[in-house]
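Asker: Input file: protein_39.cif. Contents: mmCIF, C-alpha atoms.
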```
data_start
#
loop_
_atom_site.label_atom_id
_atom_site.label_comp_id
_atom_site.auth_asym_id
_atom_site.auth_seq_id
_atom_site.Cartn_x
_atom_site.Cartn_y
_atom_site.Cartn_z
CA MET A 1496 -3.93 5.69 31.25
CA SER A 1497 -7.28 6.70 32.70
CA GLU A 1498 -9.20 9.48 31.01
CA LYS A 1499 -10.88 11.71 33.52
CA PRO A 1500 -13.85 13.60 32.17
CA LYS A 1501 -12.77 17.20 31.74
CA LYS A 1502 -14.94 20.19 31.14
CA ILE A 1503 -12.92 22.01 28.57
CA GLN A 1504 -14.03 24.36 25.86
CA PRO A 1505 -12.35 24.40 22.47
CA ASP A 1506 -9.22 26.57 22.52
CA ASP A 1507 -9.40 26.73 26.29
CA ARG A 1508 -5.78 25.69 26.59
CA LEU A 1509 -2.87 25.04 24.26
CA ALA A 1510 -3.19 21.57 22.74
CA PRO A 1511 -0.18 19.28 22.97
CA ARG A 1512 2.05 19.65 19.92
CA ALA A 1513 1.37 16.09 18.76
CA VAL A 1514 -2.39 16.77 18.68
CA VAL A 1515 -1.88 19.92 16.60
CA GLY A 1516 0.30 17.92 14.21
CA ARG A 1517 -2.45 15.35 13.78
CA LEU A 1518 -5.06 18.06 13.16
CA SER A 1519 -3.23 18.96 9.94
CA LEU A 1520 -3.30 15.33 8.88
CA TYR A 1521 -7.03 15.02 9.66
CA LEU A 1522 -7.63 18.14 7.60
CA ARG A 1523 -5.75 16.71 4.59
CA GLN A 1524 -7.78 13.50 4.73
CA LEU A 1525 -11.05 15.41 5.06
CA GLU A 1526 -10.13 17.54 2.04
CA ALA A 1527 -9.44 14.38 0.04
CA LEU A 1528 -12.74 12.78 1.12
CA GLN A 1529 -14.69 15.91 0.29
CA ALA A 1530 -13.03 16.08 -3.14
CA ALA A 1531 -14.20 12.48 -3.60
CA GLY A 1532 -17.79 13.60 -2.93
CA LEU A 1533 -18.30 12.37 0.64
CA THR A 1534 -20.15 14.46 3.23
CA ARG A 1535 -19.78 12.31 6.36
CA VAL A 1536 -16.94 10.31 7.88
CA SER A 1537 -16.51 8.13 10.96
CA SER A 1538 -13.61 8.28 13.40
CA THR A 1539 -12.84 4.68 12.38
CA GLN A 1540 -12.44 5.69 8.74
CA ILE A 1541 -10.13 8.56 9.66
CA ALA A 1542 -8.18 6.29 12.00
CA ASN A 1543 -7.73 3.63 9.33
CA MET A 1544 -6.52 6.13 6.76
CA LEU A 1545 -3.84 7.43 9.11
CA HIS A 1546 -2.93 4.21 10.91
CA LEU A 1547 -4.13 5.59 14.23
CA ARG A 1548 -6.35 4.17 16.90
CA ASP A 1549 -10.05 5.02 16.73
CA ALA A 1550 -10.09 6.29 20.31
CA GLN A 1551 -7.12 8.55 19.59
CA VAL A 1552 -8.96 10.28 16.76
CA ARG A 1553 -12.09 10.80 18.85
CA LYS A 1554 -10.05 12.14 21.75
CA ASP A 1555 -8.09 14.57 19.53
CA LEU A 1556 -11.25 15.94 17.93
CA ALA A 1557 -13.06 16.20 21.25
CA PHE A 1558 -10.21 18.41 22.44
CA PHE A 1559 -11.49 20.97 19.92
CA GLY A 1560 -15.12 20.51 20.83
CA GLN A 1561 -16.02 18.15 17.98
CA PHE A 1562 -17.96 15.04 18.90
CA GLY A 1563 -19.06 12.46 16.32
CA HIS A 1564 -22.49 10.83 16.53
CA PRO A 1565 -22.65 7.04 16.84
CA GLY A 1566 -23.76 5.56 13.54
CA ILE A 1567 -23.52 8.95 11.81
CA GLY A 1568 -19.98 10.11 12.39
CA TYR A 1569 -18.80 13.61 11.64
CA GLN A 1570 -20.05 16.10 9.07
CA ILE A 1571 -16.98 16.63 6.89
CA ASP A 1572 -17.54 20.34 6.18
CA GLU A 1573 -18.28 21.11 9.83
CA LEU A 1574 -15.24 19.19 11.03
CA GLN A 1575 -13.03 20.98 8.51
CA SER A 1576 -14.18 24.43 9.68
CA SER A 1577 -13.72 23.42 13.25
CA ILE A 1578 -10.15 22.21 12.64
CA ARG A 1579 -9.28 25.29 10.60
CA LYS A 1580 -10.62 27.47 13.39
CA ALA A 1581 -8.58 25.56 15.94
CA LEU A 1582 -5.43 25.89 13.85
CA GLY A 1583 -6.06 29.53 13.03
CA THR A 1584 -6.20 28.89 9.27
CA ASP A 1585 -9.84 29.96 8.98
CA ARG A 1586 -8.40 33.26 7.84
CA LEU A 1587 -5.80 34.04 5.18
CA TRP A 1588 -2.23 34.52 6.40
CA PRO A 1589 -0.09 36.75 4.21
CA LEU A 1590 3.46 35.42 4.31
CA ALA A 1591 6.81 37.08 3.69
CA LEU A 1592 9.28 34.94 1.77
CA VAL A 1593 12.75 35.98 2.87
CA GLY A 1594 15.68 34.71 0.78
CA LEU A 1595 15.37 34.13 -2.93
CA GLY A 1596 17.78 31.27 -3.56
CA ASN A 1597 16.74 27.95 -5.08
CA LEU A 1598 14.62 27.00 -2.09
CA GLY A 1599 12.91 30.40 -2.09
CA ARG A 1600 12.16 30.02 -5.79
CA ALA A 1601 10.75 26.54 -5.16
CA LEU A 1602 8.49 27.87 -2.40
CA ILE A 1603 7.15 30.63 -4.64
CA ARG A 1604 5.84 27.90 -6.93
CA TYR A 1605 4.60 25.71 -4.07
CA LYS A 1606 0.87 25.62 -4.71
CA GLU A 1607 -0.01 23.88 -1.45
CA PHE A 1608 0.38 27.08 0.56
CA ASP A 1609 -2.48 28.75 -1.32
CA LYS A 1610 -4.74 25.78 -0.73
CA HIS A 1611 -4.30 25.94 3.01
CA GLY A 1612 -4.80 29.56 3.91
CA PHE A 1613 -1.35 30.97 3.19
CA ARG A 1614 -0.41 33.44 0.51
CA ILE A 1615 3.06 34.74 -0.23
CA ALA A 1616 2.48 38.49 -0.01
CA ALA A 1617 5.99 39.78 -0.59
CA VAL A 1618 9.46 38.48 -1.43
CA PHE A 1619 12.67 39.81 0.11
CA ASP A 1620 16.34 39.38 -0.62
CA ASN A 1621 19.51 41.31 0.10
CA ASP A 1622 21.16 40.80 -3.26
CA PRO A 1623 20.98 44.10 -5.23
CA LYS A 1624 20.92 42.01 -8.42
CA LYS A 1625 17.58 40.54 -7.29
CA THR A 1626 15.88 43.46 -5.57
CA GLY A 1627 13.74 45.54 -7.88
CA THR A 1628 13.15 42.58 -10.22
CA ILE A 1629 9.88 40.68 -10.61
CA VAL A 1630 9.93 36.92 -9.95
CA GLN A 1631 6.76 34.95 -10.70
CA ASP A 1632 4.70 38.15 -10.43
CA TYR A 1633 6.33 39.09 -7.12
CA PRO A 1634 8.37 42.28 -6.87
CA VAL A 1635 11.52 41.50 -4.90
CA TYR A 1636 12.16 43.95 -2.07
CA SER A 1637 15.29 44.62 -0.09
CA ILE A 1638 15.21 43.23 3.46
CA ASP A 1639 15.54 46.82 4.69
CA GLN A 1640 12.05 47.47 3.34
CA LEU A 1641 10.58 44.75 5.52
CA PRO A 1642 9.19 46.91 8.36
CA GLU A 1643 7.29 49.12 5.93
CA ILE A 1644 6.00 46.32 3.65
CA ALA A 1645 5.11 44.02 6.55
CA LYS A 1646 3.03 46.81 8.01
CA SER A 1647 1.27 47.83 4.79
CA HIS A 1648 0.52 44.19 3.86
CA GLY A 1649 -0.41 43.03 7.37
CA ILE A 1650 2.30 40.37 7.32
CA SER A 1651 3.02 38.64 10.63
CA ILE A 1652 4.67 35.39 9.49
CA ALA A 1653 7.71 34.67 7.33
CA ALA A 1654 9.39 31.73 5.61
CA LEU A 1655 13.14 32.09 6.08
CA THR A 1656 15.24 30.64 3.25
CA VAL A 1657 18.49 32.57 3.63
CA PRO A 1658 21.93 30.97 4.10
CA ALA A 1659 22.69 29.81 7.66
CA GLU A 1660 25.49 32.37 8.10
CA VAL A 1661 23.14 35.34 7.85
CA ALA A 1662 20.00 33.74 9.33
CA GLN A 1663 20.23 35.24 12.84
CA GLU A 1664 20.95 38.72 11.52
CA VAL A 1665 17.93 38.52 9.21
CA VAL A 1666 15.78 37.09 12.02
CA ASN A 1667 16.61 40.11 14.16
CA LYS A 1668 15.30 42.34 11.39
CA LEU A 1669 12.19 40.20 11.03
CA THR A 1670 11.30 40.36 14.70
CA GLU A 1671 12.01 44.09 14.83
CA SER A 1672 9.60 44.42 11.89
CA GLY A 1673 6.74 42.85 13.82
CA ILE A 1674 7.04 39.30 12.42
CA ARG A 1675 5.70 36.94 15.08
CA GLY A 1676 6.15 33.54 13.43
CA ILE A 1677 9.07 32.15 11.41
CA LEU A 1678 9.16 28.97 9.34
CA ASN A 1679 12.91 28.42 9.41
CA PHE A 1680 14.68 26.46 6.67
CA ALA A 1681 18.17 27.59 7.66
CA PRO A 1682 19.98 24.75 9.44
CA VAL A 1683 20.81 26.79 12.52
CA ALA A 1684 19.27 27.45 15.95
CA LEU A 1685 17.69 30.91 16.12
CA SER A 1686 17.32 33.25 19.08
CA VAL A 1687 14.00 35.06 19.13
CA PRO A 1688 12.05 37.15 21.66
CA ALA A 1689 9.62 35.18 23.87
CA ASP A 1690 6.58 36.31 21.89
CA VAL A 1691 7.92 35.06 18.55
CA SER A 1692 7.38 31.45 17.41
CA VAL A 1693 9.79 29.47 15.28
CA VAL A 1694 9.14 26.17 13.51
CA SER A 1695 12.34 24.78 12.03
CA VAL A 1696 12.28 22.45 9.05
CA ASP A 1697 15.18 20.03 9.18
CA LEU A 1698 14.97 17.77 6.15
CA SER A 1699 17.67 15.42 7.39
CA VAL A 1700 15.38 14.58 10.33
CA GLN A 1701 12.84 13.39 7.78
CA LEU A 1702 15.48 11.38 5.93
CA GLU A 1703 16.47 9.79 9.24
CA GLN A 1704 12.86 8.77 9.78
CA LEU A 1705 12.81 7.26 6.31
CA VAL A 1706 16.04 5.36 6.80
CA TYR A 1707 14.80 4.03 10.13
CA LYS A 1708 11.77 2.59 8.37
CA VAL A 1709 13.80 1.18 5.49
CA SER A 1710 16.35 -0.32 7.90
CA HIS A 1711 13.62 -2.01 9.87
CA ALA A 1712 11.98 -3.21 6.66
CA GLY A 1713 8.78 -1.62 7.87
CA GLY A 1714 7.22 -0.25 4.72
CA GLY A 1715 4.06 1.84 4.82
CA VAL A 1716 3.46 5.54 4.41
CA SER A 1717 3.81 8.28 6.96
CA TYR A 1718 3.46 12.03 6.86
CA SER A 1719 5.80 14.56 8.26
CA SER A 1720 4.42 16.94 10.83
CA MET B 1343 1.22 5.93 33.41
CA SER B 1344 3.13 3.23 35.26
CA GLU B 1345 6.34 1.99 33.71
CA LYS B 1346 6.62 -1.75 33.99
CA PRO B 1347 10.16 -3.02 33.80
CA LYS B 1348 10.56 -4.63 30.38
CA LYS B 1349 13.39 -6.80 29.21
CA ILE B 1350 13.89 -5.48 25.74
CA GLN B 1351 17.03 -5.37 23.69
CA PRO B 1352 17.77 -2.41 21.41
CA ASP B 1353 16.07 -2.83 18.03
CA ASP B 1354 13.98 -5.66 19.44
CA ARG B 1355 10.80 -4.09 18.12
CA LEU B 1356 9.86 -1.10 16.02
CA ALA B 1357 9.90 2.05 18.13
CA PRO B 1358 6.82 4.27 18.06
CA ARG B 1359 7.17 6.95 15.40
CA ALA B 1360 7.21 9.75 17.96
CA VAL B 1361 10.21 8.18 19.71
CA VAL B 1362 12.11 7.91 16.42
CA GLY B 1363 11.32 11.57 15.72
CA ARG B 1364 12.75 12.54 19.08
CA LEU B 1365 15.91 10.49 18.48
CA SER B 1366 16.78 12.84 15.61
CA LEU B 1367 16.31 15.81 17.91
CA TYR B 1368 18.48 14.24 20.63
CA LEU B 1369 21.15 13.61 18.03
CA ARG B 1370 21.13 17.26 16.89
CA GLN B 1371 21.51 18.48 20.48
CA LEU B 1372 24.31 16.02 21.17
CA GLU B 1373 26.15 17.16 18.05
CA ALA B 1374 25.82 20.77 19.22
CA LEU B 1375 27.08 19.92 22.72
CA GLN B 1376 30.02 17.96 21.34
CA ALA B 1377 30.90 20.86 19.04
CA ALA B 1378 30.90 23.03 22.18
CA GLY B 1379 33.50 20.71 23.75
CA LEU B 1380 31.32 18.73 26.17
CA THR B 1381 31.79 14.98 26.68
CA ARG B 1382 28.95 14.16 29.08
CA VAL B 1383 25.33 15.20 29.36
CA SER B 1384 22.45 14.47 31.75
CA SER B 1385 18.91 13.56 30.74
CA THR B 1386 17.80 16.75 32.51
CA GLN B 1387 20.03 18.88 30.29
CA ILE B 1388 18.70 17.19 27.15
CA ALA B 1389 15.13 17.54 28.43
CA ASN B 1390 15.56 21.25 29.16
CA MET B 1391 17.03 21.95 25.73
CA LEU B 1392 14.05 20.34 24.01
CA HIS B 1393 11.28 21.30 26.43
CA LEU B 1394 10.60 17.66 27.29
CA ARG B 1395 10.18 15.90 30.58
CA ASP B 1396 13.26 14.30 32.11
CA ALA B 1397 11.54 10.92 32.47
CA GLN B 1398 10.52 11.02 28.79
CA VAL B 1399 14.12 11.40 27.66
CA ARG B 1400 15.32 8.57 29.90
CA LYS B 1401 12.52 6.32 28.70
CA ASP B 1402 13.19 7.06 25.01
CA LEU B 1403 16.90 6.37 25.36
CA ALA B 1404 16.32 3.23 27.41
CA PHE B 1405 14.23 1.93 24.53
CA PHE B 1406 17.48 1.75 22.58
CA GLY B 1407 19.44 0.22 25.41
CA GLN B 1408 21.08 3.42 26.66
CA PHE B 1409 20.96 4.05 30.38
CA GLY B 1410 22.50 7.12 32.00
CA HIS B 1411 24.35 6.88 35.30
CA PRO B 1412 23.06 8.94 38.24
CA GLY B 1413 25.39 11.87 38.84
CA ILE B 1414 27.34 11.12 35.65
CA GLY B 1415 24.77 11.11 32.88
CA TYR B 1416 25.47 9.89 29.40
CA GLN B 1417 28.74 9.79 27.45
CA ILE B 1418 27.95 12.02 24.47
CA ASP B 1419 29.98 10.08 21.89
CA GLU B 1420 28.58 6.75 23.04
CA LEU B 1421 25.01 8.04 23.02
CA GLN B 1422 25.48 9.48 19.52
CA SER B 1423 26.71 6.14 18.12
CA SER B 1424 23.91 4.33 19.83
CA ILE B 1425 21.26 6.67 18.36
CA ARG B 1426 22.83 6.52 14.89
CA LYS B 1427 22.85 2.75 15.09
CA ALA B 1428 19.18 2.73 16.12
CA LEU B 1429 18.24 5.07 13.27
CA GLY B 1430 20.37 3.21 10.74
CA THR B 1431 22.52 6.27 10.00
CA ASP B 1432 25.71 4.64 11.31
CA ARG B 1433 26.38 3.91 7.66
CA LEU B 1434 26.34 6.18 4.61
CA TRP B 1435 23.13 6.16 2.54
CA PRO B 1436 23.61 7.06 -1.10
CA LEU B 1437 20.54 8.96 -2.24
CA ALA B 1438 19.00 9.46 -5.67
CA LEU B 1439 17.66 12.95 -6.27
CA VAL B 1440 14.79 12.65 -8.73
CA GLY B 1441 13.52 15.88 -10.27
CA LEU B 1442 15.80 18.81 -10.96
CA GLY B 1443 13.49 21.81 -10.56
CA ASN B 1444 14.11 24.60 -8.06
CA LEU B 1445 13.54 22.33 -5.08
CA GLY B 1446 15.88 19.69 -6.51
CA ARG B 1447 18.55 22.35 -7.05
CA ALA B 1448 18.07 23.58 -3.47
CA LEU B 1449 18.48 20.04 -2.11
CA ILE B 1450 21.71 19.52 -4.09
CA ARG B 1451 23.16 22.43 -2.11
CA TYR B 1452 21.64 21.31 1.20
CA LYS B 1453 24.73 20.63 3.28
CA GLU B 1454 22.85 19.07 6.20
CA PHE B 1455 22.38 15.77 4.35
CA ASP B 1456 26.13 15.17 4.20
CA LYS B 1457 26.49 15.85 7.91
CA HIS B 1458 23.96 13.19 8.81
CA GLY B 1459 24.93 10.16 6.81
CA PHE B 1460 23.30 10.94 3.47
CA ARG B 1461 25.02 11.67 0.21
CA ILE B 1462 23.36 12.51 -3.07
CA ALA B 1463 24.85 9.86 -5.34
CA ALA B 1464 23.05 10.63 -8.59
CA VAL B 1465 20.60 13.14 -10.03
CA PHE B 1466 17.76 12.26 -12.38
CA ASP B 1467 15.37 14.25 -14.55
CA ASN B 1468 13.25 13.56 -17.58
CA ASP B 1469 13.92 16.84 -19.36
CA PRO B 1470 16.29 16.18 -22.30
CA LYS B 1471 17.61 19.74 -21.87
CA LYS B 1472 18.86 18.73 -18.41
CA THR B 1473 20.01 15.14 -18.91
CA GLY B 1474 23.64 14.85 -19.91
CA THR B 1475 24.54 18.15 -18.22
CA ILE B 1476 26.54 18.53 -15.02
CA VAL B 1477 24.89 20.39 -12.11
CA GLN B 1478 27.02 21.11 -9.04
CA ASP B 1479 29.40 18.28 -10.03
CA TYR B 1480 26.51 15.85 -10.55
CA PRO B 1481 25.91 14.37 -13.98
CA VAL B 1482 22.16 14.46 -14.64
CA TYR B 1483 20.78 11.12 -15.81
CA SER B 1484 17.51 10.29 -17.50
CA ILE B 1485 14.99 8.58 -15.22
CA ASP B 1486 15.16 5.59 -17.57
CA GLN B 1487 18.73 5.03 -16.42
CA LEU B 1488 17.61 4.67 -12.82
CA PRO B 1489 17.60 0.84 -12.57
CA GLU B 1490 21.16 0.64 -13.87
CA ILE B 1491 22.60 3.57 -11.85
CA ALA B 1492 20.75 2.59 -8.65
CA LYS B 1493 22.29 -0.85 -8.91
CA SER B 1494 25.83 0.30 -9.70
CA HIS B 1495 25.79 2.96 -6.94
CA GLY B 1496 23.97 0.82 -4.35
CA ILE B 1497 21.17 3.37 -4.07
CA SER B 1498 18.08 2.28 -2.13
CA ILE B 1499 16.52 5.63 -1.16
CA ALA B 1500 15.37 8.62 -3.22
CA ALA B 1501 14.24 12.20 -2.70
CA LEU B 1502 11.33 12.86 -5.05
CA THR B 1503 11.04 16.46 -6.24
CA VAL B 1504 9.05 16.06 -9.46
CA PRO B 1505 5.73 17.82 -10.20
CA ALA B 1506 2.65 16.21 -8.59
CA GLU B 1507 1.18 15.24 -11.97
CA VAL B 1508 4.01 12.82 -12.79
CA ALA B 1509 4.89 11.72 -9.25
CA GLN B 1510 3.08 8.35 -9.25
CA GLU B 1511 4.48 7.39 -12.64
CA VAL B 1512 8.02 8.20 -11.48
CA VAL B 1513 7.44 6.36 -8.20
CA ASN B 1514 6.51 3.23 -10.13
CA LYS B 1515 9.85 3.44 -11.91
CA LEU B 1516 11.65 4.00 -8.62
CA THR B 1517 10.14 0.97 -6.93
CA GLU B 1518 10.75 -1.18 -10.00
CA SER B 1519 14.38 -0.05 -9.82
CA GLY B 1520 14.79 -1.40 -6.29
CA ILE B 1521 14.28 1.89 -4.39
CA ARG B 1522 12.90 1.01 -0.96
CA GLY B 1523 12.47 4.41 0.64
CA ILE B 1524 11.11 7.66 -0.80
CA LEU B 1525 11.27 11.13 0.72
CA ASN B 1526 8.31 12.63 -1.11
CA PHE B 1527 8.04 16.37 -1.70
CA ALA B 1528 5.25 16.10 -4.28
CA PRO B 1529 1.94 17.15 -2.69
CA VAL B 1530 0.14 13.95 -3.62
CA ALA B 1531 -0.59 10.58 -2.00
CA LEU B 1532 1.58 7.83 -3.46
CA SER B 1533 0.81 4.13 -3.91
CA VAL B 1534 3.78 1.91 -3.21
CA PRO B 1535 4.34 -1.82 -2.65
CA ALA B 1536 4.16 -2.98 0.97
CA ASP B 1537 7.95 -3.25 1.30
CA VAL B 1538 8.58 0.36 0.24
CA SER B 1539 8.49 3.22 2.77
CA VAL B 1540 7.39 6.76 2.02
CA VAL B 1541 7.88 9.84 4.19
CA SER B 1542 5.98 12.80 2.76
CA VAL B 1543 7.07 16.35 3.44
CA ASP B 1544 4.09 18.69 3.50
CA LEU B 1545 5.35 22.18 4.20
CA SER B 1546 1.87 23.60 4.70
CA VAL B 1547 1.52 21.27 7.70
CA GLN B 1548 4.50 23.02 9.19
CA LEU B 1549 3.03 26.42 8.41
CA GLU B 1550 -0.19 25.34 10.11
CA GLN B 1551 1.79 24.41 13.21
CA LEU B 1552 3.43 27.83 13.13
CA VAL B 1553 0.14 29.66 12.72
CA TYR B 1554 -1.36 27.68 15.58
CA LYS B 1555 1.46 28.86 17.82
CA VAL B 1556 1.23 32.45 16.62
CA SER B 1557 -2.57 32.45 17.01
CA HIS B 1558 -2.29 31.20 20.55
CA ALA B 1559 0.47 33.69 21.29
CA GLY B 1560 2.60 30.82 22.50
CA GLY B 1561 6.06 31.70 21.32
CA GLY B 1562 9.02 29.37 21.73
CA VAL B 1563 10.90 27.20 19.30
CA SER B 1564 10.00 23.78 17.99
CA TYR B 1565 11.52 21.46 15.46
CA SER B 1566 9.79 19.59 12.70
CA SER B 1567 9.99 15.84 12.77
#
```
I need this file expressed as structure tokens, please.
Answerer:
Amino acid sequence: MSEKPKKIQPDDRLAPRAVVGRLSLYLRQLEALQAAGLTRVSSTQIANMLHLRDAQVRKDLAFFGQFGHPGIGYQIDELQSSIRKALGTDRLWPLALVGLGNLGRALIRYKEFDKHGFRIAAVFDNDPKKTGTIVQDYPVYSIDQLPEIAKSHGISIAALTVPAEVAQEVVNKLTESGIRGILNFAPVALSVPADVSVVSVDLSVQLEQLVYKVSHAGGGVSYSS
Amino acid sequence: MSEKPKKIQPDDRLAPRAVVGRLSLYLRQLEALQAAGLTRVSSTQIANMLHLRDAQVRKDLAFFGQFGHPGIGYQIDELQSSIRKALGTDRLWPLALVGLGNLGRALIRYKEFDKHGFRIAAVFDNDPKKTGTIVQDYPVYSIDQLPEIAKSHGISIAALTVPAEVAQEVVNKLTESGIRGILNFAPVALSVPADVSVVSVDLSVQLEQLVYKVSHAGGGVSYSS
């Protein structure tokens, strides 16, 4: 594979999905290193931590306009900002949580969202026994109130944790309410307008990856993306 | 990228992680097609459904010894068995669920596991208010009973849904009990012996992927792997 020199600016074009997936992993490692008191890191160190090739890391980061200096490496804080900017998480994203079953309740308590630029701004459910109550400081709204609340809270993304049977119906309401991105936990394929993005979380895919590794006696740690 | 003809047998070597991730996606599409009554599929059809290149699909499947026939394509049932065999999900994997908080309760009800060769065989928690009770037909055991139950139920993989603070301590018990694969939901890096595999699920990574797509006004559907 020859690498032709390309004159691209950061964000000039949509990065391949695999690169974007790795950016999240780089960011996690940088956060850990910074917490440990480091200020600089080399591409080799990042590569070793994630079992990647050195050249791969440099290439991925160069895609977003970040170039390490030989013998110096990357400034951790600068690289973090640059990755967050590339991902779009340099600003806070208010998030609608839609569906207050066990998974919804687990997500409300999921502290990682807060750390990475996401904040649950409102919780929705269709069960009249739940709407109007307060769960972990969140008032629970009816899904019918979504258009109004999404607008007043500036919400454009939602985590969908409703049962599969009602998922499409709820998604239609979400997209009509101006939601442009859906993190889908319902095990069902969703139809959305062309300008709406869906990322589906299928946990059995991740179990399959695990079983593959166990079956092949591989060992080692990997991260989902 | 030139493709040199290689004489490899299925399972001859460990497939790259990205290929294994795609195998799960192929399997999901094949299951959907079979449910719709189809018996054959072409690599082009699979590629179109998943927004991949035709050649990529053929190459991935060839890695596992499956070759489509021009004008005929692949037999869906045959391709499914072959992928399951490659993944190791052609047999049932009893699974320990460790940690009965909200996420644990959500996973107990997660019907997708059953469909894909996984079955929760036993549930563990350290809270004496929970142990000894029955939750969704599962008796809840103390984590101290893990070695014994894992052995009697032939359990070698576990889903870990305990709080981050106690995750490493619980993981030590799991690996001492003969668990060889861990699906980790705790937002913390785990140390495990070299012969134990960990797949960590970090939901904020998936939100970052979503936000990237929304920020770049991409649209479209993708699947986590």
Asker: Could you jot down the atom CA of Ile1414 of chain B to atom CA of Arg1364 of chain B separation for me, Å, one decimal place?
Answerer: 22.1 Å
Asker: For atom CA of Asp1549 of chain A and atom CA of Val1553 of chain B, quote the distance in Å rounded to one decimal.
Answerer: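 For atom CA of Asp1549 of chain A relative to atom CA of Val1553 of chain B, the distance reads 27.0 Å.
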Asker: Which residue is closest to Val1635 of chain A? Choose from A:Arg1614, A:Glu1573, A:Val1593, A:Thr1656 and count all atoms listed in the file.
Answerer: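 Checking each of A:Arg1614, A:Glu1573, A:Val1593, A:Thr1656 against Val1635 of chain A, counting all atoms listed in the file, the winner is A:Val1593.
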Asker: Using the chain letters and numbering of this document, enumerate as a list in words the residues selected by the PyMOL selection byres ((chain A and resi 1664) around 12).
Answerer: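 With the shown file as input, the PyMOL selection byres ((chain A and resi 1664) around 12) matches Asn1621, Ile1638, Asp1639, Leu1655, Val1657, Pro1658, Ala1659, Glu1660, Val1661, Ala1662, Gln1663, Val1665, Val1666, Asn1667, Lys1668, Leu1669, Thr1670, Glu1671, Val1683, Leu1685, Ser1686 and Val1687 of chain A.
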Asker: Would you write out, as a PyMOL selection string, every residue that the PyMOL selection byres ((chain A and resi 1541) around 12) captures in this file?
Answerer: chain A and resi 1517-1518+1520-1528+1535-1540+1542-1553+1555-1556+1563+1568-1569+1571+1574
Asker: Taking the file as shown, what set of residues would the PyMOL selection byres ((chain A and resi 1623) around 12) give back, as a list in words?
Answerer: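 After applying the PyMOL selection byres ((chain A and resi 1623) around 12), what remains is Leu1595, Phe1619, Asp1620, Asn1621, Asp1622, Lys1624, Lys1625, Thr1626, Gly1627, Thr1628, Val1635, Tyr1636, Ser1637, Ile1638 and Asp1639 of chain A.
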Asker: Could you state the separation of atom CA of Ile1425 of chain B and atom CA of Phe1406 of chain B in Å, given to one decimal place?
Answerer: 7.5 Å
Asker: My list of candidates is A:Leu1592, A:Arg1586, A:Val1514, A:Val1618. Which is closest to Lys1554 of chain A when distances are computed with all atoms listed in the file?
Answerer: A:Val1514
Asker: Do a neighbour search on Ala1645 of chain A at 8 Å with all atoms listed in the file, toss out local chain neighbours closer than 2 positions, and write the hits as an NGL selection string.
Answerer: :A and (1591 or 1641-1643 or 1647-1651 or 1672-1674)
Asker: Would you save the residues of that selection, restricted to C-alpha atoms, as a tab-separated table (two decimals), keeping the file's coordinate frame?
Answerer:
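Listed below is the output, part10.tsv:
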```tsv
chain	number	residue	atom	x	y	z
A	1591	ALA	CA	6.81	37.08	3.69
A	1641	LEU	CA	10.58	44.75	5.52
A	1642	PRO	CA	9.19	46.91	8.36
A	1643	GLU	CA	7.29	49.12	5.93
A	1647	SER	CA	1.27	47.83	4.79
A	1648	HIS	CA	0.52	44.19	3.86
A	1649	GLY	CA	-0.41	43.03	7.37
A	1650	ILE	CA	2.30	40.37	7.32
A	1651	SER	CA	3.02	38.64	10.63
A	1672	SER	CA	9.60	44.42	11.89
A	1673	GLY	CA	6.74	42.85	13.82
A	1674	ILE	CA	7.04	39.30	12.42
```
Asker: Would you please work out which residue, of B:Ser1424, B:Lys1493, B:Ala1464, B:Gln1478, is nearest to Ala1404 of chain B when using all atoms listed in the file?
Answerer: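 Comparing B:Ser1424, B:Lys1493, B:Ala1464, B:Gln1478 against Ala1404 of chain B, the winner is B:Ser1424.
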Asker: For segment 1411-1423 of chain B, what centre and edge lengths in Å (one decimal) does the axis-aligned box get once 8 Å is added on each side of all its listed atoms, as JSON?
Answerer:
```
{"center_x": 26.5, "center_y": 9.1, "center_z": 28.5, "size_x": 22.9, "size_y": 21.9, "size_z": 36.7}
```
Asker: Export C-alpha atoms of segment 1381-1398 of chain B from the structure just given, as a PDB file, in the first residue's frame?
Answerer:
```
ATOM      1  CA  THR B1381     -31.822 -19.257   0.478  1.00  0.00           C
ATOM      2  CA  ARG B1382     -29.044 -17.657  -1.591  1.00  0.00           C
ATOM      3  CA  VAL B1383     -27.253 -14.331  -1.496  1.00  0.00           C
ATOM      4  CA  SER B1384     -24.511 -12.644  -3.548  1.00  0.00           C
ATOM      5  CA  SER B1385     -21.504 -10.817  -2.143  1.00  0.00           C
ATOM      6  CA  THR B1386     -22.846  -7.691  -3.858  1.00  0.00           C
ATOM      7  CA  GLN B1387     -26.127  -7.931  -1.941  1.00  0.00           C
ATOM      8  CA  ILE B1388     -24.283  -8.349   1.367  1.00  0.00           C
ATOM      9  CA  ALA B1389     -21.942  -5.485   0.469  1.00  0.00           C
ATOM     10  CA  ASN B1390     -24.826  -3.160  -0.391  1.00  0.00           C
ATOM     11  CA  MET B1391     -26.656  -3.920   2.847  1.00  0.00           C
ATOM     12  CA  LEU B1392     -23.598  -3.031   4.912  1.00  0.00           C
ATOM     13  CA  HIS B1393     -22.139  -0.236   2.784  1.00  0.00           C
ATOM     14  CA  LEU B1394     -18.994  -2.244   2.093  1.00  0.00           C
ATOM     15  CA  ARG B1395     -17.142  -2.973  -1.096  1.00  0.00           C
ATOM     16  CA  ASP B1396     -17.994  -6.193  -2.913  1.00  0.00           C
ATOM     17  CA  ALA B1397     -14.348  -7.299  -3.001  1.00  0.00           C
ATOM     18  CA  GLN B1398     -14.048  -6.729   0.757  1.00  0.00           C
TER      19      GLN B1398
END
```
